[in-house]
>>> print(open('final_17.cif').read())   # mmCIF, C-alpha atoms
data_target
loop_
_atom_site.group_PDB
_atom_site.id
_atom_site.type_symbol
_atom_site.label_atom_id
_atom_site.label_comp_id
_atom_site.auth_asym_id
_atom_site.auth_seq_id
_atom_site.Cartn_x
_atom_site.Cartn_y
_atom_site.Cartn_z
ATOM 1 C CA MET L 1 7.867 -23.583 -0.584
ATOM 2 C CA SER L 2 9.038 -19.965 -0.502
ATOM 3 C CA ARG L 3 6.621 -17.393 0.890
ATOM 4 C CA ALA L 4 6.307 -13.595 0.808
ATOM 5 C CA ILE L 5 4.084 -11.491 3.055
ATOM 6 C CA VAL L 6 2.334 -8.605 1.278
ATOM 7 C CA PHE L 7 0.487 -5.632 2.736
ATOM 8 C CA PRO L 8 -2.495 -3.778 1.215
ATOM 9 C CA GLY L 9 -2.715 -0.116 0.272
ATOM 10 C CA GLN L 10 -5.341 2.598 0.375
ATOM 11 C CA GLY L 11 -8.781 1.591 -0.860
ATOM 12 C CA SER L 12 -8.922 -1.585 1.266
ATOM 13 C CA GLN L 13 -10.292 0.289 4.304
ATOM 14 C CA ALA L 14 -13.834 -0.390 5.576
ATOM 15 C CA VAL L 15 -15.653 0.603 8.759
ATOM 16 C CA GLY L 16 -15.370 -2.286 11.232
ATOM 17 C CA MET L 17 -11.931 -3.425 10.076
ATOM 18 C CA GLY L 18 -9.836 -4.947 12.857
ATOM 19 C CA ARG L 19 -12.715 -5.016 15.364
ATOM 20 C CA GLU L 20 -13.062 -8.833 15.343
ATOM 21 C CA LEU L 21 -9.293 -9.206 15.711
ATOM 22 C CA ALA L 22 -9.283 -6.921 18.753
ATOM 23 C CA ALA L 23 -12.165 -8.854 20.321
ATOM 24 C CA ALA L 24 -10.514 -12.235 19.723
ATOM 25 C CA PHE L 25 -6.815 -11.576 20.420
ATOM 26 C CA THR L 26 -5.047 -9.569 23.148
ATOM 27 C CA ALA L 27 -2.059 -9.121 20.817
ATOM 28 C CA ALA L 28 -4.261 -7.359 18.254
ATOM 29 C CA ARG L 29 -5.898 -5.201 20.928
ATOM 30 C CA HIS L 30 -2.458 -4.035 22.078
ATOM 31 C CA VAL L 31 -1.524 -3.010 18.517
ATOM 32 C CA PHE L 32 -4.601 -0.770 18.205
ATOM 33 C CA GLN L 33 -3.956 0.747 21.656
ATOM 34 C CA GLU L 34 -0.323 1.445 20.763
ATOM 35 C CA VAL L 35 -1.310 3.167 17.492
ATOM 36 C CA ASP L 36 -3.955 5.279 19.290
ATOM 37 C CA GLU L 37 -1.317 6.364 21.838
ATOM 38 C CA ALA L 38 1.300 7.120 19.157
ATOM 39 C CA LEU L 39 -1.148 9.329 17.241
ATOM 40 C CA LYS L 40 -2.802 10.837 20.342
ATOM 41 C CA GLN L 41 -6.215 10.117 18.801
ATOM 42 C CA SER L 42 -8.773 7.326 19.015
ATOM 43 C CA LEU L 43 -8.127 5.988 15.526
ATOM 44 C CA SER L 44 -9.510 2.580 16.546
ATOM 45 C CA LYS L 45 -12.906 4.193 17.306
ATOM 46 C CA ILE L 46 -13.012 5.658 13.775
ATOM 47 C CA MET L 47 -11.971 2.271 12.350
ATOM 48 C CA TRP L 48 -14.660 0.345 14.202
ATOM 49 C CA GLU L 49 -17.537 2.823 14.343
ATOM 50 C CA GLY L 50 -16.869 5.297 11.536
ATOM 51 C CA PRO L 51 -18.174 7.526 10.184
ATOM 52 C CA GLU L 52 -16.818 6.319 6.858
ATOM 53 C CA SER L 53 -16.200 9.947 5.826
ATOM 54 C CA ASP L 54 -13.577 10.158 8.609
ATOM 55 C CA LEU L 55 -12.034 6.745 7.907
ATOM 56 C CA VAL L 56 -11.475 7.454 4.204
ATOM 57 C CA LEU L 57 -9.510 10.638 4.956
ATOM 58 C CA THR L 58 -5.993 9.837 3.775
ATOM 59 C CA GLU L 59 -4.436 10.807 7.125
ATOM 60 C CA ASN L 60 -6.653 8.245 8.911
ATOM 61 C CA ALA L 61 -6.901 5.510 6.275
ATOM 62 C CA GLN L 62 -3.118 5.101 5.964
ATOM 63 C CA PRO L 63 -2.247 4.447 9.638
ATOM 64 C CA ALA L 64 -5.502 2.476 10.071
ATOM 65 C CA LEU L 65 -4.616 0.015 7.313
ATOM 66 C CA MET L 66 -1.107 -0.386 8.736
ATOM 67 C CA ALA L 67 -2.592 -1.071 12.201
ATOM 68 C CA VAL L 68 -4.781 -3.915 10.912
ATOM 69 C CA SER L 69 -1.826 -5.434 9.040
ATOM 70 C CA MET L 70 0.370 -5.246 12.138
ATOM 71 C CA ALA L 71 -2.393 -6.745 14.295
ATOM 72 C CA VAL L 72 -2.414 -9.779 11.963
ATOM 73 C CA ILE L 73 1.394 -10.079 12.145
ATOM 74 C CA ARG L 74 1.441 -9.807 15.966
ATOM 75 C CA VAL L 75 -1.285 -12.466 16.310
ATOM 76 C CA LEU L 76 0.652 -14.833 14.021
ATOM 77 C CA ASP L 77 3.730 -14.271 16.197
ATOM 78 C CA GLU L 78 2.102 -14.481 19.648
ATOM 79 C CA GLN L 79 -0.557 -17.126 18.945
ATOM 80 C CA GLY L 80 1.347 -19.258 16.460
ATOM 81 C CA GLY L 81 5.010 -18.628 17.285
ATOM 82 C CA TRP L 82 5.173 -17.472 13.671
ATOM 83 C CA LYS L 83 8.376 -15.416 13.338
ATOM 84 C CA LEU L 84 8.360 -13.454 10.092
ATOM 85 C CA GLY L 85 12.126 -13.790 9.652
ATOM 86 C CA ASP L 86 11.822 -17.590 9.697
ATOM 87 C CA LYS L 87 8.590 -17.927 7.727
ATOM 88 C CA ALA L 88 8.991 -15.513 4.794
ATOM 89 C CA ALA L 89 11.673 -14.817 2.192
ATOM 90 C CA PHE L 90 10.469 -11.274 1.392
ATOM 91 C CA VAL L 91 7.947 -8.617 2.357
ATOM 92 C CA ALA L 92 6.320 -6.060 0.067
ATOM 93 C CA GLY L 93 3.460 -3.587 0.333
ATOM 94 C CA HIS L 94 1.342 -1.570 -2.077
ATOM 95 C CA SER L 95 2.080 2.148 -1.624
ATOM 96 C CA LEU L 96 1.370 2.852 2.096
ATOM 97 C CA GLY L 97 1.583 -0.953 2.535
ATOM 98 C CA GLU L 98 5.350 -0.609 2.110
ATOM 99 C CA TYR L 99 5.386 1.043 5.555
ATOM 100 C CA SER L 100 3.356 -1.870 6.969
ATOM 101 C CA ALA L 101 5.861 -4.281 5.399
ATOM 102 C CA LEU L 102 8.783 -2.399 6.939
ATOM 103 C CA ALA L 103 7.119 -2.264 10.367
ATOM 104 C CA ALA L 104 6.425 -6.014 10.186
ATOM 105 C CA ALA L 105 10.061 -6.654 9.241
ATOM 106 C CA GLY L 106 11.351 -4.526 12.142
ATOM 107 C CA THR L 107 12.681 -1.497 10.205
ATOM 108 C CA PHE L 108 10.247 0.863 11.970
ATOM 109 C CA SER L 109 8.695 0.646 15.414
ATOM 110 C CA LEU L 110 4.905 0.444 15.360
ATOM 111 C CA GLY L 111 4.581 3.967 16.811
ATOM 112 C CA ASP L 112 6.989 5.451 14.260
ATOM 113 C CA ALA L 113 5.175 3.730 11.371
ATOM 114 C CA ALA L 114 1.842 5.175 12.572
ATOM 115 C CA ARG L 115 3.258 8.690 12.967
ATOM 116 C CA LEU L 116 5.001 8.567 9.563
ATOM 117 C CA LEU L 117 1.801 7.477 7.836
ATOM 118 C CA LYS L 118 -0.181 10.247 9.554
ATOM 119 C CA ILE L 119 2.355 12.788 8.247
ATOM 120 C CA ARG L 120 2.349 11.116 4.813
ATOM 121 C CA GLY L 121 -1.442 11.211 4.612
ATOM 122 C CA GLN L 122 -1.631 14.857 5.674
ATOM 123 C CA ALA L 123 1.183 15.884 3.297
ATOM 124 C CA MET L 124 -0.333 14.042 0.318
ATOM 125 C CA GLN L 125 -3.700 15.661 0.992
ATOM 126 C CA LYS L 126 -2.193 19.157 1.286
ATOM 127 C CA ALA L 127 -0.008 18.853 -1.827
ATOM 128 C CA VAL L 128 -2.878 19.464 -4.276
ATOM 129 C CA PRO L 129 -6.117 21.383 -3.562
ATOM 130 C CA VAL L 130 -9.191 19.111 -3.549
ATOM 131 C CA GLY L 131 -10.766 18.898 -6.997
ATOM 132 C CA GLU L 132 -7.621 19.866 -8.927
ATOM 133 C CA GLY L 133 -6.174 16.367 -9.264
ATOM 134 C CA ALA L 134 -7.556 12.967 -10.242
ATOM 135 C CA MET L 135 -6.641 9.317 -10.809
ATOM 136 C CA ALA L 136 -8.158 6.890 -13.312
ATOM 137 C CA ALA L 137 -7.712 3.171 -13.989
ATOM 138 C CA LEU L 138 -7.180 2.461 -17.687
ATOM 139 C CA LEU L 139 -8.583 -1.056 -17.988
ATOM 140 C CA GLY L 140 -7.008 -3.191 -20.693
ATOM 141 C CA ALA L 141 -3.907 -0.990 -21.006
ATOM 142 C CA ASP L 142 -0.400 -2.225 -20.173
ATOM 143 C CA LEU L 143 2.258 0.045 -18.668
ATOM 144 C CA ASP L 144 3.776 1.135 -21.993
ATOM 145 C CA ALA L 145 0.358 1.987 -23.460
ATOM 146 C CA ALA L 146 -0.643 3.885 -20.302
ATOM 147 C CA ARG L 147 2.595 5.906 -20.362
ATOM 148 C CA GLU L 148 2.017 6.775 -24.022
ATOM 149 C CA ILE L 149 -1.586 7.846 -23.311
ATOM 150 C CA ALA L 150 -0.516 9.892 -20.266
ATOM 151 C CA ALA L 151 2.194 11.676 -22.275
ATOM 152 C CA ALA L 152 -0.299 12.532 -25.040
ATOM 153 C CA ALA L 153 -2.872 13.739 -22.492
ATOM 154 C CA ALA L 154 -0.506 15.944 -20.454
ATOM 155 C CA GLN L 155 -0.470 18.976 -22.804
ATOM 156 C CA GLY L 156 1.705 20.950 -20.398
ATOM 157 C CA GLN L 157 0.009 19.545 -17.275
ATOM 158 C CA VAL L 158 1.043 16.575 -15.130
ATOM 159 C CA CYS L 159 -0.292 13.165 -16.214
ATOM 160 C CA GLU L 160 1.714 10.043 -15.359
ATOM 161 C CA ALA L 161 1.399 6.302 -14.825
ATOM 162 C CA ALA L 162 0.950 5.959 -11.047
ATOM 163 C CA ASN L 163 0.226 2.261 -10.440
ATOM 164 C CA ASP L 164 1.038 -0.775 -12.562
ATOM 165 C CA ASN L 165 -1.209 -3.141 -10.613
ATOM 166 C CA ALA L 166 -1.670 -6.136 -12.902
ATOM 167 C CA PRO L 167 -1.847 -6.933 -16.614
ATOM 168 C CA GLY L 168 -4.565 -4.679 -18.043
ATOM 169 C CA GLN L 169 -4.881 -2.540 -14.921
ATOM 170 C CA VAL L 170 -2.733 0.585 -14.914
ATOM 171 C CA VAL L 171 -3.693 3.791 -13.077
ATOM 172 C CA VAL L 172 -2.809 7.290 -14.303
ATOM 173 C CA SER L 173 -2.591 10.293 -12.005
ATOM 174 C CA GLY L 174 -2.261 14.052 -12.396
ATOM 175 C CA ALA L 175 -4.180 17.246 -13.097
ATOM 176 C CA LYS L 176 -7.918 16.535 -13.358
ATOM 177 C CA ALA L 177 -8.276 17.885 -16.918
ATOM 178 C CA ALA L 178 -5.247 15.866 -18.094
ATOM 179 C CA VAL L 179 -6.563 12.653 -16.527
ATOM 180 C CA GLU L 180 -9.925 13.222 -18.225
ATOM 181 C CA ARG L 181 -8.086 13.688 -21.546
ATOM 182 C CA ALA L 182 -6.237 10.402 -20.886
ATOM 183 C CA MET L 183 -9.562 8.612 -20.426
ATOM 184 C CA ALA L 184 -10.812 10.038 -23.750
ATOM 185 C CA ILE L 185 -7.595 9.015 -25.572
ATOM 186 C CA ALA L 186 -7.830 5.500 -24.095
ATOM 187 C CA ALA L 187 -11.388 5.212 -25.444
ATOM 188 C CA GLU L 188 -10.240 6.410 -28.895
ATOM 189 C CA LYS L 189 -7.517 3.766 -28.857
ATOM 190 C CA GLY L 190 -10.123 1.072 -28.179
ATOM 191 C CA PHE L 191 -9.363 0.245 -24.530
ATOM 192 C CA LYS L 192 -12.504 -1.216 -23.033
ATOM 193 C CA ARG L 193 -13.091 1.355 -20.311
ATOM 194 C CA SER L 194 -11.537 3.795 -17.885
ATOM 195 C CA VAL L 195 -12.721 4.452 -14.348
ATOM 196 C CA LEU L 196 -12.156 7.611 -12.288
ATOM 197 C CA LEU L 197 -11.009 6.499 -8.829
ATOM 198 C CA PRO L 198 -12.721 7.833 -5.672
ATOM 199 C CA VAL L 199 -9.520 9.375 -4.243
ATOM 200 C CA SER L 200 -8.990 12.752 -2.648
ATOM 201 C CA ALA L 201 -5.633 13.529 -4.294
ATOM 202 C CA PRO L 202 -3.537 12.510 -7.332
ATOM 203 C CA PHE L 203 -1.080 10.100 -5.692
ATOM 204 C CA HIS L 204 2.208 8.869 -7.189
ATOM 205 C CA CYS L 205 2.845 11.665 -9.680
ATOM 206 C CA ALA L 206 4.978 14.832 -9.819
ATOM 207 C CA LEU L 207 2.200 16.895 -8.179
ATOM 208 C CA MET L 208 3.079 15.076 -4.933
ATOM 209 C CA GLN L 209 6.566 16.649 -4.723
ATOM 210 C CA PRO L 210 5.641 18.772 -1.622
ATOM 211 C CA ALA L 211 4.620 15.528 0.123
ATOM 212 C CA ALA L 212 7.886 13.850 -0.928
ATOM 213 C CA ASP L 213 9.799 16.771 0.628
ATOM 214 C CA ALA L 214 7.774 16.410 3.855
ATOM 215 C CA MET L 215 8.523 12.658 3.986
ATOM 216 C CA ALA L 216 12.240 13.259 3.412
ATOM 217 C CA ARG L 217 12.251 15.482 6.520
ATOM 218 C CA ALA L 218 10.128 13.065 8.590
ATOM 219 C CA LEU L 219 12.159 9.981 7.642
ATOM 220 C CA GLU L 220 15.424 11.724 8.601
ATOM 221 C CA GLU L 221 14.137 11.944 12.191
ATOM 222 C CA VAL L 222 13.260 8.249 12.573
ATOM 223 C CA VAL L 223 15.477 5.362 13.682
ATOM 224 C CA MET L 224 15.493 2.682 10.960
ATOM 225 C CA LYS L 225 16.943 -0.820 11.276
ATOM 226 C CA ALA L 226 17.706 -3.323 8.527
ATOM 227 C CA PRO L 227 14.562 -5.445 7.903
ATOM 228 C CA VAL L 228 14.726 -9.091 9.031
ATOM 229 C CA VAL L 229 13.978 -10.074 5.410
ATOM 230 C CA PRO L 230 14.429 -7.894 2.309
ATOM 231 C CA VAL L 231 11.569 -5.618 1.216
ATOM 232 C CA VAL L 232 10.772 -5.523 -2.501
ATOM 233 C CA ALA L 233 10.503 -1.778 -3.119
ATOM 234 C CA ASN L 234 7.595 -0.230 -5.047
ATOM 235 C CA VAL L 235 9.716 2.095 -7.187
ATOM 236 C CA THR L 236 12.470 -0.358 -8.240
ATOM 237 C CA ALA L 237 10.625 -3.710 -7.957
ATOM 238 C CA GLN L 238 13.871 -5.049 -6.421
ATOM 239 C CA PRO L 239 14.754 -6.335 -2.925
ATOM 240 C CA VAL L 240 16.449 -3.893 -0.563
ATOM 241 C CA SER L 241 17.734 -4.190 3.012
ATOM 242 C CA ASP L 242 19.942 -1.135 3.589
ATOM 243 C CA PRO L 243 18.126 1.435 5.797
ATOM 244 C CA ASP L 244 19.596 4.470 3.966
ATOM 245 C CA GLU L 245 18.503 3.053 0.611
ATOM 246 C CA ILE L 246 15.049 2.213 2.024
ATOM 247 C CA ARG L 247 14.708 5.813 3.238
ATOM 248 C CA ARG L 248 15.636 7.156 -0.215
ATOM 249 C CA LEU L 249 13.177 4.819 -1.958
ATOM 250 C CA LEU L 250 10.314 5.745 0.398
ATOM 251 C CA VAL L 251 10.799 9.396 -0.550
ATOM 252 C CA ALA L 252 10.928 8.514 -4.277
ATOM 253 C CA GLN L 253 7.785 6.391 -3.843
ATOM 254 C CA VAL L 254 5.599 9.458 -3.104
ATOM 255 C CA THR L 255 5.985 10.761 -6.682
ATOM 256 C CA GLY L 256 7.030 7.493 -8.367
ATOM 257 C CA THR L 257 5.137 4.654 -10.049
ATOM 258 C CA VAL L 258 4.050 1.753 -7.823
ATOM 259 C CA ARG L 259 5.429 -1.154 -9.880
ATOM 260 C CA TRP L 260 3.313 -3.801 -8.166
ATOM 261 C CA ARG L 261 3.029 -6.197 -11.116
ATOM 262 C CA GLU L 262 6.827 -6.229 -11.412
ATOM 263 C CA CYS L 263 7.261 -6.599 -7.623
ATOM 264 C CA VAL L 264 5.227 -9.823 -7.696
ATOM 265 C CA LEU L 265 7.100 -11.127 -10.752
ATOM 266 C CA THR L 266 10.456 -10.271 -9.121
ATOM 267 C CA MET L 267 9.513 -12.309 -6.052
ATOM 268 C CA LYS L 268 8.408 -15.209 -8.257
ATOM 269 C CA GLY L 269 11.725 -15.035 -10.112
ATOM 270 C CA LEU L 270 13.490 -15.279 -6.728
ATOM 271 C CA GLY L 271 11.615 -18.483 -5.868
ATOM 272 C CA VAL L 272 8.417 -17.232 -4.177
ATOM 273 C CA ASP L 273 5.391 -19.399 -4.977
ATOM 274 C CA SER L 274 3.039 -18.282 -2.194
ATOM 275 C CA LEU L 275 1.801 -14.833 -1.111
ATOM 276 C CA VAL L 276 0.179 -14.133 2.259
ATOM 277 C CA GLU L 277 -1.817 -10.880 2.301
ATOM 278 C CA ALA L 278 -1.849 -9.548 5.865
ATOM 279 C CA GLY L 279 -4.535 -6.966 6.618
ATOM 280 C CA ALA L 280 -7.782 -5.489 5.355
ATOM 281 C CA GLY L 281 -9.416 -6.650 2.126
ATOM 282 C CA LYS L 282 -8.339 -9.132 -0.536
ATOM 283 C CA VAL L 283 -7.112 -6.796 -3.273
ATOM 284 C CA LEU L 284 -3.533 -8.082 -3.475
ATOM 285 C CA ALA L 285 -4.576 -11.741 -3.523
ATOM 286 C CA GLY L 286 -6.886 -10.893 -6.432
ATOM 287 C CA LEU L 287 -4.115 -9.057 -8.301
ATOM 288 C CA ALA L 288 -1.716 -11.976 -7.741
ATOM 289 C CA LYS L 289 -4.064 -14.307 -9.638
ATOM 290 C CA ARG L 290 -4.041 -11.893 -12.593
ATOM 291 C CA ILE L 291 -0.269 -11.392 -12.499
ATOM 292 C CA ASP L 292 0.729 -15.076 -12.384
ATOM 293 C CA LYS L 293 -1.654 -17.999 -11.958
ATOM 294 C CA GLU L 294 1.152 -20.226 -10.605
ATOM 295 C CA ILE L 295 1.451 -18.132 -7.422
ATOM 296 C CA SER L 296 -0.928 -19.204 -4.656
ATOM 297 C CA SER L 297 -2.286 -16.520 -2.344
ATOM 298 C CA VAL L 298 -4.246 -16.277 0.888
ATOM 299 C CA SER L 299 -5.704 -13.226 2.667
ATOM 300 C CA LEU L 300 -5.604 -12.977 6.467
ATOM 301 C CA GLN L 301 -7.940 -10.406 8.032
ATOM 302 C CA THR L 302 -10.351 -12.196 10.415
ATOM 303 C CA PRO L 303 -9.858 -14.480 13.439
ATOM 304 C CA ALA L 304 -11.229 -17.377 11.332
ATOM 305 C CA ASP L 305 -8.639 -16.663 8.599
ATOM 306 C CA LEU L 306 -5.832 -16.688 11.165
ATOM 307 C CA ASP L 307 -7.033 -19.851 12.900
ATOM 308 C CA ALA L 308 -7.290 -21.718 9.586
ATOM 309 C CA PHE L 309 -3.870 -20.457 8.454
ATOM 310 C CA LEU L 310 -2.120 -21.421 11.699
ATOM 311 C CA LYS L 311 -3.750 -24.900 11.668
ATOM 312 C CA ALA L 312 -2.612 -25.430 8.079
#
>>> encode(input="final_17.cif", output="structure tokens")
Amino acid sequence: MSRAIVFPGQGSQAVGMGRELAAAFTAARHVFQEVDEALKQSLSKIMWEGPESDLVLTENAQPALMAVSMAVIRVLDEQGGWKLGDKAAFVAGHSLGEYSALAAAGTFSLGDAARLLKIRGQAMQKAVPVGEGAMAALLGADLDAAREIAAAAAQGQVCEAANDNAPGQVVVSGAKAAVERAMAIAAEKGFKRSVLLPVSAPFHCALMQPAADAMARALEEVVMKAPVVPVVANVTAQPVSDPDEIRRLLVAQVTGTVRWRECVLTMKGLGVDSLVEAGAGKVLAGLAKRIDKEISSVSLQTPADLDAFLKA
């Protein structure tokens, strides 16, 4: 059996996440302490007590989700002797989850991953004034159809396919008026429905170029090692291990399409038949079932999940 470890993206956050892990495992507690120290803020307090309005801020949600994912990985290692390099063929993460994947695979230190995600969250938020951008899921549309709709809706503004999550679930991103036009065009074309996403900025489109520039500067300053297993990159849907190439792809990822459906199919084509989702929520396990029913998946986010997984 060949396994890949996958790491969730923004939207999987919830007040209380990671609290049970910290209570049950010293290794998890240390991860949250290390992230708090790296950021010089009590992020763990926001994660465990809220308010939700603070947790959902992009600059907090991104490092918080990475912290929960890394807590799971550290517990697997310290409680179960579960070395990622021996137990998985690949890692991959959805958007910010790519940073979690790289931290788990040893490319970034935990502190550097937290600081990079703080910068990334702040830069993505600043790139477009609140209310000027939007994202919408076009349900029933495939990537080609979504690209066609986005191109027709743009009318001189930015409107692009941002996330290819699963068959029939593609997200478009861009100027608010253009995204609203895309939703109307999708309805005219007979797609069952479109849903505006509750996000604070239009991620993964050309409007994020200022954030891409900020990440290029931040990533230049950070020591990066080759990951212990290849990471399947969001923007190419191909495995990569070279730190310079990883750096380039992380910058491209800010404005590029998250090709998650293709990432999962690439891993399957390379022999992966089992996905382990490490961190908050169960979004990626759910998407895996829609992408390919032959791939088994399990989500690890609570002490009970980890105990059951290590026993198995």
>>> residues_around(input="final_17.cif", residues="Val128 in chain L", least_positions_apart="5", cutoff="8 Å", atoms="all atoms listed in the file", output="PDB file with C-alpha atoms, keeping the file's coordinate frame")
ATOM      1  CA  GLY L 133      -6.174  16.367  -9.264  1.00  0.00           C
ATOM      2  CA  ALA L 201      -5.633  13.529  -4.294  1.00  0.00           C
ATOM      3  CA  PRO L 202      -3.537  12.510  -7.332  1.00  0.00           C
ATOM      4  CA  LEU L 207       2.200  16.895  -8.179  1.00  0.00           C
ATOM      5  CA  MET L 208       3.079  15.076  -4.933  1.00  0.00           C
TER       6      MET L 208
END
>>> closest_residue(input="final_17.cif", among="L:Lys282, L:Lys225, L:His30, L:His204", to="Cys159 in chain L", atoms="only C-alpha atoms")
L:His204
>>> closest_atom_pairs(input="final_17.cif", of="range 55-130 of chain L", to="range 307-312 of chain L", cutoff="12 Å", atoms="all atoms listed in the file", output="tab-separated table")
residue	atom	partner	partner_atom	distance
L:Val72	CA	L:Asp307	CA	11.1
L:Ile73	CA	L:Leu310	CA	11.9
L:Val75	CA	L:Asp307	CA	10.0
L:Leu76	CA	L:Leu310	CA	7.5
L:Asp77	CA	L:Leu310	CA	10.3
L:Glu78	CA	L:Leu310	CA	11.4
L:Gln79	CA	L:Leu310	CA	8.6
L:Gly80	CA	L:Leu310	CA	6.3
L:Gly81	CA	L:Leu310	CA	9.5
L:Trp82	CA	L:Leu310	CA	8.5
L:Lys87	CA	L:Leu310	CA	11.9
>>> closest_atom_pairs(input="final_17.cif", of="range 26-134 of chain L", to="range 5-15 of chain L", cutoff="12 Å", atoms="all atoms listed in the file", output="Markdown table")
| residue | atom | partner | partner_atom | distance |
| --- | --- | --- | --- | --- |
| L:Leu43 | CA | L:Val15 | CA | 11.5 |
| L:Ser44 | CA | L:Val15 | CA | 10.1 |
| L:Lys45 | CA | L:Val15 | CA | 9.7 |
| L:Ile46 | CA | L:Val15 | CA | 7.6 |
| L:Met47 | CA | L:Val15 | CA | 5.4 |
| L:Trp48 | CA | L:Val15 | CA | 5.5 |
| L:Glu49 | CA | L:Val15 | CA | 6.3 |
| L:Gly50 | CA | L:Val15 | CA | 5.6 |
| L:Pro51 | CA | L:Val15 | CA | 7.5 |
| L:Glu52 | CA | L:Val15 | CA | 6.1 |
| L:Ser53 | CA | L:Val15 | CA | 9.8 |
| L:Asp54 | CA | L:Val15 | CA | 9.8 |
| L:Leu55 | CA | L:Val15 | CA | 7.2 |
| L:Val56 | CA | L:Gln13 | CA | 7.3 |
| L:Leu57 | CA | L:Gln10 | CA | 10.1 |
| L:Thr58 | CA | L:Gln10 | CA | 8.0 |
| L:Glu59 | CA | L:Gln10 | CA | 10.7 |
| L:Asn60 | CA | L:Gln13 | CA | 9.9 |
| L:Ala61 | CA | L:Gln13 | CA | 6.5 |
| L:Gln62 | CA | L:Gln10 | CA | 6.5 |
| L:Pro63 | CA | L:Gln10 | CA | 9.9 |
| L:Ala64 | CA | L:Gln13 | CA | 7.8 |
| L:Leu65 | CA | L:Gln13 | CA | 6.4 |
| L:Met66 | CA | L:Phe7 | CA | 8.1 |
| L:Ala67 | CA | L:Phe7 | CA | 10.9 |
| L:Val68 | CA | L:Gln13 | CA | 9.6 |
| L:Ser69 | CA | L:Phe7 | CA | 6.7 |
| L:Met70 | CA | L:Phe7 | CA | 9.4 |
| L:Ala71 | CA | L:Phe7 | CA | 12.0 |
| L:Val72 | CA | L:Phe7 | CA | 10.5 |
| L:Ile73 | CA | L:Ile5 | CA | 9.6 |
| L:Leu76 | CA | L:Ile5 | CA | 12.0 |
| L:Lys83 | CA | L:Ile5 | CA | 11.8 |
| L:Leu84 | CA | L:Ile5 | CA | 8.5 |
| L:Gly85 | CA | L:Ile5 | CA | 10.7 |
| L:Asp86 | CA | L:Ile5 | CA | 11.9 |
| L:Lys87 | CA | L:Ile5 | CA | 9.1 |
| L:Ala88 | CA | L:Ile5 | CA | 6.6 |
| L:Ala89 | CA | L:Ile5 | CA | 8.3 |
| L:Phe90 | CA | L:Ile5 | CA | 6.6 |
| L:Val91 | CA | L:Ile5 | CA | 4.9 |
| L:Ala92 | CA | L:Val6 | CA | 4.9 |
| L:Gly93 | CA | L:Phe7 | CA | 4.3 |
| L:His94 | CA | L:Gly9 | CA | 4.9 |
| L:Ser95 | CA | L:Gly9 | CA | 5.6 |
| L:Leu96 | CA | L:Gly9 | CA | 5.4 |
| L:Gly97 | CA | L:Phe7 | CA | 4.8 |
| L:Glu98 | CA | L:Phe7 | CA | 7.0 |
| L:Tyr99 | CA | L:Phe7 | CA | 8.7 |
| L:Ser100 | CA | L:Phe7 | CA | 6.3 |
| L:Ala101 | CA | L:Phe7 | CA | 6.1 |
| L:Leu102 | CA | L:Phe7 | CA | 9.8 |
| L:Ala103 | CA | L:Phe7 | CA | 10.7 |
| L:Ala104 | CA | L:Ile5 | CA | 9.3 |
| L:Ala105 | CA | L:Ile5 | CA | 9.9 |
| L:Leu117 | CA | L:Gln10 | CA | 11.4 |
| L:Gly121 | CA | L:Gln10 | CA | 10.4 |
>>> atom_distance(input="final_17.cif", atom1="CA of Ser200 in chain L", atom2="CA of Val130 in chain L")
6.4 Å
>>> closest_residue(input="final_17.cif", among="L:Arg259, L:Lys293, L:Arg115, L:Lys192", to="Ala162 in chain L", atoms="only C-alpha atoms")
L:Arg259
>>> closest_residue(input="final_17.cif", among="L:Asp292, L:Asp142, L:Glu148, L:Asp244", to="Asp164 in chain L", atoms="only C-alpha atoms")
L:Asp142
>>> closest_residue(input="final_17.cif", among="L:Asp273, L:Glu160, L:Glu294, L:Glu188", to="Thr257 in chain L", atoms="only C-alpha atoms")
L:Glu160
>>> closest_residue(input="final_17.cif", among="L:Ser173, L:Ser297, L:Asn163, L:Ser194", to="Val258 in chain L", atoms="only C-alpha atoms")
L:Asn163
>>> closest_residue(input="final_17.cif", among="L:Phe25, L:Phe203, L:Phe191, L:Phe32", to="Gly168 in chain L", atoms="all atoms listed in the file")
L:Phe191
>>> residues_around(input="final_17.cif", residues="Thr236 in chain L", least_positions_apart="6", cutoff="12 Å", atoms="all atoms listed in the file", output="number ranges by chain")
L: 92, 245-246, 248-250, 252-253, 256-264, 266
>>> axis_aligned_box(input="final_17.cif", around="range 179-186 of chain L", padding_each_side="4 Å", output="JSON")
{"center_x": -8.5, "center_y": 9.6, "center_z": -21.0, "size_x": 12.6, "size_y": 16.2, "size_z": 17.0}
>>> decode(input="final_17.cif", residues="range 196-209 of chain L", atoms="C-alpha atoms", output="PDB file, in the first residue's frame")
ATOM      1  CA  LEU L 196     -20.429  32.923  -3.115  1.00  0.00           C
ATOM      2  CA  LEU L 197     -17.727  31.852  -0.651  1.00  0.00           C
ATOM      3  CA  PRO L 198     -17.390  33.567   2.758  1.00  0.00           C
ATOM      4  CA  VAL L 199     -13.799  34.742   2.130  1.00  0.00           C
ATOM      5  CA  SER L 200     -12.220  38.097   2.819  1.00  0.00           C
ATOM      6  CA  ALA L 201     -10.189  38.332  -0.406  1.00  0.00           C
ATOM      7  CA  PRO L 202     -10.112  36.884  -3.950  1.00  0.00           C
ATOM      8  CA  PHE L 203      -7.376  34.258  -3.559  1.00  0.00           C
ATOM      9  CA  HIS L 204      -5.496  32.523  -6.391  1.00  0.00           C
ATOM     10  CA  CYS L 205      -6.036  35.073  -9.152  1.00  0.00           C
ATOM     11  CA  ALA L 206      -4.037  37.917 -10.741  1.00  0.00           C
ATOM     12  CA  LEU L 207      -5.339  40.415  -8.148  1.00  0.00           C
ATOM     13  CA  MET L 208      -3.037  38.669  -5.645  1.00  0.00           C
ATOM     14  CA  GLN L 209       0.154  39.772  -7.456  1.00  0.00           C
TER      15      GLN L 209
END
